[in-house]
Amino acid sequence: MIELQDVNKTYRMGNTRVQALRGVSLTIKPGEFVAITGPSGSGKSTLMHMIGLLDVPDTGSYHLLGRETSHLQEDELAVMRREAIGFVFQQFNLLPRASAGENVAMPLLYSRHELDMTRAKKLLAQVGLADRIHHKSNELSGGQQQRVAIARALVNEPRIILADEPTGNLDTASQQEIMGVLKELNRQGITIVIVTHEEEIAREARRRIRMRDGVIQSDEQTGQAARAAPPSQPENREAHRWHIQEIGEHLHQGLRALANNKVRTGLSMLGILIGVAAVVAMLALGKGAQKAIETQLASLGSNLLVLRQGAVRIGGVAQEAGETTRLTIDDVAAIKERVAGVKQASPSVRGRARVTFGNRNWNTQILGTGPEYENMRAAQPQLGRFFTEKENQRRTRVALIGLTVVRELFGEQNPLGEYIKLNKINFQVIGILPEKGANAWRDQDDIVVIPVQTAMYRLLGKNYVDYIDIEAASADHLPPIIVEAKQLMLDRHRVPPMQRQDAFEVRNLADIQATMAESSRTMSFLLAAIAGISLLVGGIGIMNIMLVSVTERTREIGLRKAVGARRQDILWQFLAETLVVSLVGGLAGIALGWIMTTLMSMLAGWTTSVSPDAVLLAFMFSAGIGILFGIYPARKAAALHPIDALRYE
């Protein structure tokens, strides 16, 4: 069963080399009860660790169950440990905040990928602790803790039990109980190897091996070996790893570990919580601002061009715009007829007037335009109607007023059908314009819209228009329309060659809209990036906390590896803990971000919008931060050598 040939092991302690084993050769047959004794420093514990695959020899050969183990990788050794060997330690090495049942079932997490509490209860009953299954380890006596450790060693049905000073910390009565349990297990055919420095304990064994200075001094047979239990055929447990149940158990273990340090866990989550809340709030603020800008841009219309007179130069002196060329209503008709791709065109004149109603008055902007303005500029009245082309031709005195004018002149009164005076000329209110808000230049709701010919000939005294709005059938038509409309105006107004460059200008509102929208998106990303810094800080906090956790739980890591945990098992356990911190912190951050967004909207009056994309981005980012910053501590934990971890103080 166990065969060592000429095994040597040397440890380095600073500049000092300590040779723990010197050419040890040993054979142990199935069913034996072996006691290894010797003074401190004799090498007996090192030999035990070598037999238990917790350490590997520097030179020599070790066959376990007929398989050479001295050249196996750490994960391969872990699989052999959990399938063939059970450990009982002098310090018990129980998980302090887990129940007796959970301590016993813990190795099953790595062999069967589940915690089978039914089997744990059966084994606790076998060692006389069936009524203690739910007790924490600190609620048990020393003898009871060691019996829990024995039950844990049996949970994977091992063929060998290795016990390192199993009675070293126990009183006489507890010693007798533990030795009684070990002898009973040996009678059942399990091979028992114990390390002890107590002669009365060694006398209970059927074979005694004495060591000194790393060599075997004597090997004495004091009784017959028990009949060995028939070898079990272990299932191929590697073939079905990473079941959903196993992942869920890792997350459960992570939650338990975090719950044991609530304050520290809360502080770790706080960084993620603040970061996610900031990301959600900032993205909501940026999205709200973008929507507000889009609403304002929608008021400008789509695929729009604005044709206006330019400021030409005569003798090197810049003239006032429109000084030498004037746009007319006939130009509008020519553009509609002769420029391909034009959907609609509308003339506009602007001016200011004092508007009065009753004893109230207000100075506002006057816009004279055509009936096409309603659709081109998204100006469908929210109450009433727009004027018609017939009313425009008749120069009818009708008006549509913006909400600012409504508020200043009418208050809560309905203005429809009422008469207002524009520069002492009566106009009937036939509609209320939709709300468009303010932009960087003016209040777009502080306006009165009237028919263009009424404005020109009855109010403002103009025989020309200030500009012409041109709507293209599609965005693809905008570039050729710009060229053709400008050329048409130059030809119609017979502009001299020297003045043609500056005689007319065409502004593309689509370009302005795209620029403003892009600026809004850039600001949103900038706000999110600033908030993301909080997430990075939170991630660094998680990494620091997990590094501390790895240091504090080094012995636990060694124990888990001793009972069969592979590197990836430890890696995933610690990653699960950081993922739990990130996800819980992320969910709480999303809730806090939503509350912050609501408060900003209610108290400050800012436009905000929490989008599912922003929530998903923040959530995924928090999970990514947890994994990213959890990898290093998890890898550090997984890389610990089991024997070094068990010896850690």
# chains A, B, ... in the order shown; residues from 1 in each chain; ligands from 1
$ select_by_dssp --residues "range 324-449 of chain A" --states "helix (DSSP H, G or I)" --output "PDB file with C-alpha atoms, in the first residue's frame"
ATOM      1  CA  ILE A 329     -41.030  85.368 -51.662  1.00  0.00           C
ATOM      2  CA  ASP A 330     -40.585  84.659 -55.369  1.00  0.00           C
ATOM      3  CA  ASP A 331     -37.231  83.067 -54.531  1.00  0.00           C
ATOM      4  CA  VAL A 332     -39.082  80.539 -52.410  1.00  0.00           C
ATOM      5  CA  ALA A 333     -41.260  79.500 -55.339  1.00  0.00           C
ATOM      6  CA  ALA A 334     -38.187  79.237 -57.591  1.00  0.00           C
ATOM      7  CA  ILE A 335     -36.389  76.964 -55.111  1.00  0.00           C
ATOM      8  CA  LYS A 336     -39.398  74.647 -54.877  1.00  0.00           C
ATOM      9  CA  GLU A 337     -39.675  74.402 -58.660  1.00  0.00           C
ATOM     10  CA  ARG A 338     -36.083  74.338 -59.837  1.00  0.00           C
ATOM     11  CA  TYR A 373     -43.332  76.113 -40.942  1.00  0.00           C
ATOM     12  CA  GLU A 374     -45.733  73.966 -38.911  1.00  0.00           C
ATOM     13  CA  ASN A 375     -44.306  70.674 -40.204  1.00  0.00           C
ATOM     14  CA  MET A 376     -40.799  71.816 -41.047  1.00  0.00           C
ATOM     15  CA  GLU A 389     -51.932  79.594 -47.119  1.00  0.00           C
ATOM     16  CA  LYS A 390     -55.206  81.365 -47.901  1.00  0.00           C
ATOM     17  CA  GLU A 391     -54.908  83.395 -44.709  1.00  0.00           C
ATOM     18  CA  ASN A 392     -51.317  84.167 -45.602  1.00  0.00           C
ATOM     19  CA  GLN A 393     -52.280  85.440 -49.055  1.00  0.00           C
ATOM     20  CA  LEU A 403     -46.035  79.597 -23.775  1.00  0.00           C
ATOM     21  CA  THR A 404     -43.943  82.441 -22.373  1.00  0.00           C
ATOM     22  CA  VAL A 405     -46.259  84.969 -24.017  1.00  0.00           C
ATOM     23  CA  VAL A 406     -49.268  83.025 -22.737  1.00  0.00           C
ATOM     24  CA  ARG A 407     -47.910  83.134 -19.213  1.00  0.00           C
ATOM     25  CA  GLU A 408     -47.071  86.856 -19.298  1.00  0.00           C
ATOM     26  CA  LEU A 409     -50.327  88.060 -20.890  1.00  0.00           C
TER      27      LEU A 409
END
$ closest_residue --among "A:Ile470, A:Ala202, A:Met620, A:Val581" --to "Ile482 in chain A" --atoms "only C-alpha atoms"
A:Ile470
$ residues_around --residues "range 553-570 of chain A" --least-positions-apart "2" --cutoff "8 Å" --atoms "only C-alpha atoms" --output "PyMOL selection string"
chain A and resi 54+74-75+78-83+86-87+93+95+107+110-111+153+549-551+572-574+634+637-649
$ residues_around --residues "Thr396 in chain A" --least-positions-apart "4" --cutoff "12 Å" --atoms "only C-alpha atoms" --output "ChimeraX atom specification"
/A:368,387-392,425-430,450-459
$ residues_around --residues "Leu592 in chain A" --least-positions-apart "6" --cutoff "10 Å" --atoms "only C-alpha atoms" --output "ChimeraX atom specification"
/A:273-274,276-278,280-281,586,598
$ write_last_selection --atoms "all heavy atoms" --output "PDB file, in the first residue's frame"
ATOM      1  N   LEU A 273     -20.319  49.961  -4.107  1.00  0.00           N
ATOM      2  CA  LEU A 273     -21.640  50.588  -4.042  1.00  0.00           C
ATOM      3  C   LEU A 273     -21.583  52.040  -4.508  1.00  0.00           C
ATOM      4  O   LEU A 273     -22.383  52.483  -5.338  1.00  0.00           O
ATOM      5  CB  LEU A 273     -22.169  50.495  -2.605  1.00  0.00           C
ATOM      6  CG  LEU A 273     -23.592  50.986  -2.321  1.00  0.00           C
ATOM      7  CD1 LEU A 273     -24.177  50.212  -1.151  1.00  0.00           C
ATOM      8  CD2 LEU A 273     -23.633  52.475  -1.980  1.00  0.00           C
ATOM      9  N   ILE A 274     -20.622  52.785  -3.970  1.00  0.00           N
ATOM     10  CA  ILE A 274     -20.499  54.197  -4.347  1.00  0.00           C
ATOM     11  C   ILE A 274     -20.160  54.325  -5.826  1.00  0.00           C
ATOM     12  O   ILE A 274     -20.711  55.170  -6.539  1.00  0.00           O
ATOM     13  CB  ILE A 274     -19.434  54.886  -3.474  1.00  0.00           C
ATOM     14  CG1 ILE A 274     -19.910  54.953  -2.013  1.00  0.00           C
ATOM     15  CG2 ILE A 274     -19.121  56.286  -3.991  1.00  0.00           C
ATOM     16  CD1 ILE A 274     -18.861  55.473  -1.059  1.00  0.00           C
ATOM     17  N   VAL A 276     -20.773  52.189  -8.359  1.00  0.00           N
ATOM     18  CA  VAL A 276     -21.909  51.838  -9.221  1.00  0.00           C
ATOM     19  C   VAL A 276     -22.985  52.912  -9.149  1.00  0.00           C
ATOM     20  O   VAL A 276     -23.568  53.301 -10.173  1.00  0.00           O
ATOM     21  CB  VAL A 276     -22.484  50.464  -8.812  1.00  0.00           C
ATOM     22  CG1 VAL A 276     -23.791  50.190  -9.541  1.00  0.00           C
ATOM     23  CG2 VAL A 276     -21.487  49.367  -9.123  1.00  0.00           C
ATOM     24  N   ALA A 277     -23.266  53.416  -7.937  1.00  0.00           N
ATOM     25  CA  ALA A 277     -24.266  54.478  -7.798  1.00  0.00           C
ATOM     26  C   ALA A 277     -23.859  55.708  -8.592  1.00  0.00           C
ATOM     27  O   ALA A 277     -24.684  56.351  -9.250  1.00  0.00           O
ATOM     28  CB  ALA A 277     -24.454  54.834  -6.320  1.00  0.00           C
ATOM     29  N   ALA A 278     -22.567  56.042  -8.537  1.00  0.00           N
ATOM     30  CA  ALA A 278     -22.085  57.206  -9.288  1.00  0.00           C
ATOM     31  C   ALA A 278     -22.217  56.980 -10.786  1.00  0.00           C
ATOM     32  O   ALA A 278     -22.621  57.881 -11.533  1.00  0.00           O
ATOM     33  CB  ALA A 278     -20.628  57.485  -8.920  1.00  0.00           C
ATOM     34  N   VAL A 280     -24.380  54.975 -12.356  1.00  0.00           N
ATOM     35  CA  VAL A 280     -25.801  55.025 -12.714  1.00  0.00           C
ATOM     36  C   VAL A 280     -26.305  56.461 -12.722  1.00  0.00           C
ATOM     37  O   VAL A 280     -26.985  56.901 -13.660  1.00  0.00           O
ATOM     38  CB  VAL A 280     -26.632  54.162 -11.743  1.00  0.00           C
ATOM     39  CG1 VAL A 280     -28.125  54.373 -11.977  1.00  0.00           C
ATOM     40  CG2 VAL A 280     -26.291  52.690 -11.914  1.00  0.00           C
ATOM     41  N   ALA A 281     -25.962  57.217 -11.663  1.00  0.00           N
ATOM     42  CA  ALA A 281     -26.443  58.598 -11.569  1.00  0.00           C
ATOM     43  C   ALA A 281     -25.854  59.472 -12.674  1.00  0.00           C
ATOM     44  O   ALA A 281     -26.566  60.276 -13.288  1.00  0.00           O
ATOM     45  CB  ALA A 281     -26.102  59.170 -10.194  1.00  0.00           C
ATOM     46  N   GLY A 586     -22.916  45.928  -6.207  1.00  0.00           N
ATOM     47  CA  GLY A 586     -23.441  46.469  -7.451  1.00  0.00           C
ATOM     48  C   GLY A 586     -24.943  46.655  -7.410  1.00  0.00           C
ATOM     49  O   GLY A 586     -25.473  47.690  -7.839  1.00  0.00           O
ATOM     50  N   THR A 598     -33.490  60.108  -8.819  1.00  0.00           N
ATOM     51  CA  THR A 598     -34.826  60.628  -8.512  1.00  0.00           C
ATOM     52  C   THR A 598     -34.740  61.924  -7.721  1.00  0.00           C
ATOM     53  O   THR A 598     -35.478  62.887  -7.987  1.00  0.00           O
ATOM     54  CB  THR A 598     -35.624  59.577  -7.731  1.00  0.00           C
ATOM     55  OG1 THR A 598     -35.673  58.352  -8.482  1.00  0.00           O
ATOM     56  CG2 THR A 598     -37.042  60.061  -7.460  1.00  0.00           C
TER      57      THR A 598
END
$ residues_around --residues "Ser137 in chain A" --least-positions-apart "4" --cutoff "9 Å" --atoms "only C-alpha atoms" --output "list in words"
Leu94, Leu95, Pro96, Arg97, Ala98, Ser99, Ala100, Asn103, Ser141, Gln144, Gln145 and Val148 of chain A
$ write_last_selection --atoms "C-alpha atoms" --output "mmCIF file, in the first residue's frame"
data_model
loop_
_atom_site.group_PDB
_atom_site.id
_atom_site.type_symbol
_atom_site.label_atom_id
_atom_site.label_comp_id
_atom_site.auth_asym_id
_atom_site.auth_seq_id
_atom_site.Cartn_x
_atom_site.Cartn_y
_atom_site.Cartn_z
ATOM 1 C CA LEU A 94 -11.819 22.641 12.044
ATOM 2 C CA LEU A 95 -13.452 25.594 10.322
ATOM 3 C CA PRO A 96 -14.213 27.799 13.337
ATOM 4 C CA ARG A 97 -17.574 29.233 12.263
ATOM 5 C CA ALA A 98 -18.947 26.093 10.608
ATOM 6 C CA SER A 99 -21.060 23.477 12.342
ATOM 7 C CA ALA A 100 -19.798 19.971 13.088
ATOM 8 C CA ASN A 103 -16.895 20.456 8.890
ATOM 9 C CA SER A 141 -14.697 19.983 23.840
ATOM 10 C CA GLN A 144 -15.322 16.085 20.568
ATOM 11 C CA GLN A 145 -13.456 18.296 18.090
ATOM 12 C CA VAL A 148 -15.335 15.520 14.360
#
$ residues_around --residues "Leu123 in chain A" --least-positions-apart "3" --cutoff "10 Å" --atoms "only C-alpha atoms" --output "PyMOL selection string"
chain A and resi 101+104-105+117-120+126-130+147-148+150-155
$ closest_residue --among "A:Val181, A:Phe619, A:Val215, A:Gln91" --to "Ala20 in chain A" --atoms "only C-alpha atoms"
A:Val215
$ atom_distance --atom1 "CA of Gly341 in chain A" --atom2 "CA of Asp466 in chain A"
22.7 Å
$ atom_distance --atom1 "CA of Asp6 in chain A" --atom2 "CA of Ser70 in chain A"
12.1 Å
$ select_by_dssp --residues "range 173-220 of chain A" --states "strand (DSSP E or B)" --output "PDB file with N, CA and C atoms, in the first residue's frame"
ATOM      1  N   THR A 191      -6.298   1.171   7.148  1.00  0.00           N
ATOM      2  CA  THR A 191      -4.907   1.303   7.575  1.00  0.00           C
ATOM      3  C   THR A 191      -4.754   2.595   8.366  1.00  0.00           C
ATOM      4  N   ILE A 192      -4.135   2.506   9.561  1.00  0.00           N
ATOM      5  CA  ILE A 192      -3.962   3.660  10.442  1.00  0.00           C
ATOM      6  C   ILE A 192      -2.472   3.913  10.635  1.00  0.00           C
ATOM      7  N   VAL A 193      -2.056   5.171  10.415  1.00  0.00           N
ATOM      8  CA  VAL A 193      -0.684   5.583  10.700  1.00  0.00           C
ATOM      9  C   VAL A 193      -0.776   6.826  11.578  1.00  0.00           C
ATOM     10  N   ILE A 194      -0.199   6.720  12.818  1.00  0.00           N
ATOM     11  CA  ILE A 194      -0.230   7.874  13.702  1.00  0.00           C
ATOM     12  C   ILE A 194       1.203   8.294  14.031  1.00  0.00           C
ATOM     13  N   VAL A 195       1.362   9.579  14.268  1.00  0.00           N
ATOM     14  CA  VAL A 195       2.626  10.136  14.749  1.00  0.00           C
ATOM     15  C   VAL A 195       2.400  10.572  16.185  1.00  0.00           C
ATOM     16  N   ARG A 207       2.332  -1.878  15.333  1.00  0.00           N
ATOM     17  CA  ARG A 207       3.673  -1.746  14.778  1.00  0.00           C
ATOM     18  C   ARG A 207       4.218  -0.397  15.198  1.00  0.00           C
ATOM     19  N   ARG A 208       5.465  -0.385  15.703  1.00  0.00           N
ATOM     20  CA  ARG A 208       6.073   0.851  16.210  1.00  0.00           C
ATOM     21  C   ARG A 208       7.358   1.134  15.443  1.00  0.00           C
ATOM     22  N   ILE A 209       7.431   2.337  14.905  1.00  0.00           N
ATOM     23  CA  ILE A 209       8.620   2.778  14.168  1.00  0.00           C
ATOM     24  C   ILE A 209       9.219   3.953  14.927  1.00  0.00           C
ATOM     25  N   ARG A 210      10.511   3.818  15.313  1.00  0.00           N
ATOM     26  CA  ARG A 210      11.186   4.898  16.029  1.00  0.00           C
ATOM     27  C   ARG A 210      12.132   5.608  15.066  1.00  0.00           C
ATOM     28  N   MET A 211      12.118   6.961  15.163  1.00  0.00           N
ATOM     29  CA  MET A 211      12.971   7.769  14.292  1.00  0.00           C
ATOM     30  C   MET A 211      13.843   8.693  15.124  1.00  0.00           C
ATOM     31  N   ARG A 212      14.989   9.049  14.594  1.00  0.00           N
ATOM     32  CA  ARG A 212      15.878  10.040  15.198  1.00  0.00           C
ATOM     33  C   ARG A 212      16.769  10.607  14.090  1.00  0.00           C
ATOM     34  N   VAL A 215      16.286   9.448  10.351  1.00  0.00           N
ATOM     35  CA  VAL A 215      16.436   8.058   9.911  1.00  0.00           C
ATOM     36  C   VAL A 215      15.598   7.165  10.807  1.00  0.00           C
ATOM     37  N   ILE A 216      15.240   5.992  10.302  1.00  0.00           N
ATOM     38  CA  ILE A 216      14.483   5.020  11.085  1.00  0.00           C
ATOM     39  C   ILE A 216      15.467   4.206  11.909  1.00  0.00           C
ATOM     40  N   GLN A 217      15.299   4.291  13.258  1.00  0.00           N
ATOM     41  CA  GLN A 217      16.203   3.550  14.145  1.00  0.00           C
ATOM     42  C   GLN A 217      15.719   2.134  14.380  1.00  0.00           C
ATOM     43  N   SER A 218      14.381   1.985  14.500  1.00  0.00           N
ATOM     44  CA  SER A 218      13.854   0.638  14.755  1.00  0.00           C
ATOM     45  C   SER A 218      12.463   0.528  14.158  1.00  0.00           C
ATOM     46  N   ASP A 219      12.096  -0.710  13.860  1.00  0.00           N
ATOM     47  CA  ASP A 219      10.772  -0.994  13.290  1.00  0.00           C
ATOM     48  C   ASP A 219      10.305  -2.285  13.916  1.00  0.00           C
ATOM     49  N   GLU A 220       9.359  -2.186  14.875  1.00  0.00           N
ATOM     50  CA  GLU A 220       8.987  -3.334  15.712  1.00  0.00           C
ATOM     51  C   GLU A 220       7.533  -3.709  15.460  1.00  0.00           C
TER      52      GLU A 220
END
$ atom_distance --atom1 "CA of Thr328 in chain A" --atom2 "CA of Ser474 in chain A"
25.2 Å
